[in-house]
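One structure is given below, encoded as structure tokens.
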Amino acid sequence: MTFCRPVVLDACVLVGAGLRDTLLRLAEVPALYTPRWSDDILGEVERTLQRRFGKTIEQTRHLTHQLRESFPEAWVREYSDLIPNLINHEKDRHVLAAAVRCCAQGIVTFNTRHFPAEAVCRFDIQVIHPDKFLVEQLCQDETLVVTRFSEQARNIGRTVEDQTRAFHRTGALPRFTLALAKTLGIQLG
């Protein structure tokens, strides 16, 4: 599926620096999709980074500032009126409300169970795991994905092979890392 319309990135896919960087690189011009999020989503990212990963308030505010600078159009506002009528998981209703408000085509999340089909089908929003989303982006434009992933690796002093293996070791994106490894001719095992 081609994601030409907005895609809401849930907090859980924005917390990890590697995945966040990969997703956002694919949203840079020429973009494979248009990222969207809300203050509630980024507030959740900040809290998680502070509580679970020991990041300082200054560090998380810097991240939010960088996101505002790089993707000023990503913010979804004025969606809280939609929340009372939503039936997905209570803690993620704000995510679905933001997606509905910006006419998103999808929500990228690890928490797919929080968005059951009966809660999202009437809005024509696909809920997609980041592993599947990245595989679809690779299928959509293999050259661009490989280029951006290679740039990401270089920026942190890794080879693309090392970066692919590092992603694979986390186990979070198995289909993407296998597809990427196959494309690049890399042995993962």
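Note on naming: chains are A, B, ... as they come in the structure tokens, residues start from 1 per chain, ligands start from 1 in the order shown.
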Which polymer residues have any atom within 7 Å of an atom of region 27-37 of chain A, counting only C-alpha atoms, with same-chain residues fewer than 2 positions away left out, as a compact mmCIF listing (two decimals) with C-alpha atoms, in the first residue's frame?
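Result file out-v5.txt:
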```txt
# COMPACT_ATOMS: atom_id res chain seq x y z
CA PHE A 3 0.93 5.98 2.00
CA CYS A 4 0.55 9.28 0.17
CA ARG A 5 -1.81 10.69 2.77
CA PRO A 6 -0.84 11.33 6.39
CA VAL A 7 0.25 8.51 8.68
CA VAL A 8 0.08 8.97 12.45
CA LEU A 9 3.16 7.72 14.28
CA LEU A 23 10.84 6.48 10.01
CA LEU A 24 11.57 10.19 9.88
CA ARG A 25 14.22 9.86 7.19
CA ILE A 41 1.63 11.64 21.45
CA ALA A 74 3.14 17.12 11.43
CA TRP A 75 1.13 18.45 14.37
CA VAL A 76 -2.53 17.47 14.58
CA GLN A 137 8.14 1.37 2.17
```
Would you pick out the contacts of region 108-111 of chain A at 7 Å or less, using only C-alpha atoms, so that residues sharing its chain but fewer than 4 positions from it are not included, and give the list as a short mmCIF file (atom, residue, chain, number, x, y, z; two decimals) with N, CA and C atoms, in the first residue's frame?
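So selection_24.cif came out as:
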```cif
data_model
loop_
_atom_site.label_atom_id
_atom_site.label_comp_id
_atom_site.auth_asym_id
_atom_site.auth_seq_id
_atom_site.Cartn_x
_atom_site.Cartn_y
_atom_site.Cartn_z
N VAL A 8 -0.20 8.60 11.07
CA VAL A 8 0.08 8.97 12.45
C VAL A 8 1.09 7.99 13.02
N LEU A 9 2.14 8.54 13.61
CA LEU A 9 3.16 7.72 14.28
C LEU A 9 2.84 7.72 15.77
N ASP A 10 2.53 6.56 16.31
CA ASP A 10 2.22 6.42 17.72
C ASP A 10 3.49 6.62 18.54
N CYS A 12 4.89 4.85 20.74
CA CYS A 12 5.75 3.67 20.89
C CYS A 12 6.74 3.50 19.75
N VAL A 13 6.47 4.05 18.57
CA VAL A 13 7.43 3.95 17.46
C VAL A 13 8.36 5.15 17.41
N VAL A 127 -4.27 0.18 10.59
CA VAL A 127 -3.37 0.12 11.73
C VAL A 127 -2.27 -0.86 11.35
N ILE A 128 -1.04 -0.40 11.40
CA ILE A 128 0.05 -1.19 10.85
C ILE A 128 1.26 -1.21 11.79
N HIS A 129 1.79 -2.39 11.98
CA HIS A 129 3.00 -2.58 12.77
C HIS A 129 4.16 -1.93 12.02
N PRO A 130 5.12 -1.33 12.72
CA PRO A 130 6.22 -0.67 12.02
C PRO A 130 7.05 -1.62 11.15
#
```
Can you list every residue in region 68-106 of chain A that DSSP puts in helix (DSSP H, G or I), as a short mmCIF file (atom, residue, chain, number, x, y, z; two decimals) with N, CA and C atoms, in the first residue's frame?
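Done, and the output landed in out14.cif:
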```cif
data_model
loop_
_atom_site.label_atom_id
_atom_site.label_comp_id
_atom_site.auth_asym_id
_atom_site.auth_seq_id
_atom_site.Cartn_x
_atom_site.Cartn_y
_atom_site.Cartn_z
N ARG A 68 9.62 19.75 15.79
CA ARG A 68 8.88 20.94 15.34
C ARG A 68 9.61 21.65 14.21
N GLU A 69 10.92 21.73 14.33
CA GLU A 69 11.73 22.39 13.30
C GLU A 69 11.73 21.59 11.99
N SER A 70 11.87 20.29 12.11
CA SER A 70 12.00 19.44 10.92
C SER A 70 10.66 19.11 10.25
N PRO A 72 7.22 20.78 10.80
CA PRO A 72 6.24 21.69 11.41
C PRO A 72 4.79 21.35 11.03
N GLU A 73 4.60 20.71 9.89
CA GLU A 73 3.25 20.37 9.44
C GLU A 73 2.72 19.09 10.08
N ALA A 74 3.52 18.43 10.89
CA ALA A 74 3.14 17.12 11.43
C ALA A 74 2.11 17.20 12.55
N SER A 80 -9.77 16.51 20.33
CA SER A 80 -10.28 15.97 21.60
C SER A 80 -11.79 15.77 21.58
N ASP A 81 -12.51 16.53 20.76
CA ASP A 81 -13.96 16.36 20.69
C ASP A 81 -14.35 15.01 20.11
N LEU A 82 -13.43 14.35 19.41
CA LEU A 82 -13.71 13.05 18.80
C LEU A 82 -13.55 11.89 19.78
N ILE A 83 -12.76 12.08 20.81
CA ILE A 83 -12.39 11.00 21.73
C ILE A 83 -13.59 10.31 22.37
N PRO A 84 -14.61 11.02 22.86
CA PRO A 84 -15.72 10.33 23.54
C PRO A 84 -16.48 9.31 22.67
N ASN A 85 -16.41 9.46 21.37
CA ASN A 85 -17.15 8.55 20.49
C ASN A 85 -16.31 7.40 19.95
N GLU A 90 -8.82 2.70 25.61
CA GLU A 90 -9.00 4.03 26.20
C GLU A 90 -7.72 4.87 26.18
N LYS A 91 -6.57 4.25 26.46
CA LYS A 91 -5.32 5.01 26.52
C LYS A 91 -4.82 5.45 25.14
N ASP A 92 -5.37 4.86 24.09
CA ASP A 92 -4.94 5.23 22.74
C ASP A 92 -6.05 5.89 21.92
N ARG A 93 -7.09 6.32 22.58
CA ARG A 93 -8.15 7.02 21.83
C ARG A 93 -7.66 8.34 21.27
N HIS A 94 -6.78 9.00 21.97
CA HIS A 94 -6.24 10.26 21.46
C HIS A 94 -5.47 10.04 20.15
N VAL A 95 -4.83 8.88 20.00
CA VAL A 95 -4.09 8.58 18.77
C VAL A 95 -5.07 8.41 17.61
N LEU A 96 -6.12 7.63 17.84
CA LEU A 96 -7.12 7.44 16.79
C LEU A 96 -7.82 8.76 16.47
N ALA A 97 -8.12 9.55 17.49
CA ALA A 97 -8.76 10.85 17.26
C ALA A 97 -7.88 11.75 16.39
N ALA A 98 -6.60 11.77 16.67
CA ALA A 98 -5.68 12.57 15.84
C ALA A 98 -5.67 12.05 14.41
N ALA A 99 -5.68 10.73 14.25
CA ALA A 99 -5.69 10.14 12.91
C ALA A 99 -6.95 10.50 12.15
N VAL A 100 -8.08 10.45 12.83
CA VAL A 100 -9.35 10.81 12.19
C VAL A 100 -9.34 12.28 11.79
N ARG A 101 -8.88 13.13 12.71
CA ARG A 101 -8.89 14.58 12.45
C ARG A 101 -8.05 14.95 11.22
#
```
Original post:
Nearest to Phe133 (chain A): which of A:Arg175, A:Ala153, A:Thr56, A:Arg158 is it, counting only C-alpha atoms?
Top reply: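 Ranked by minimum distance to Phe133 (chain A), first place goes to A:Arg175.
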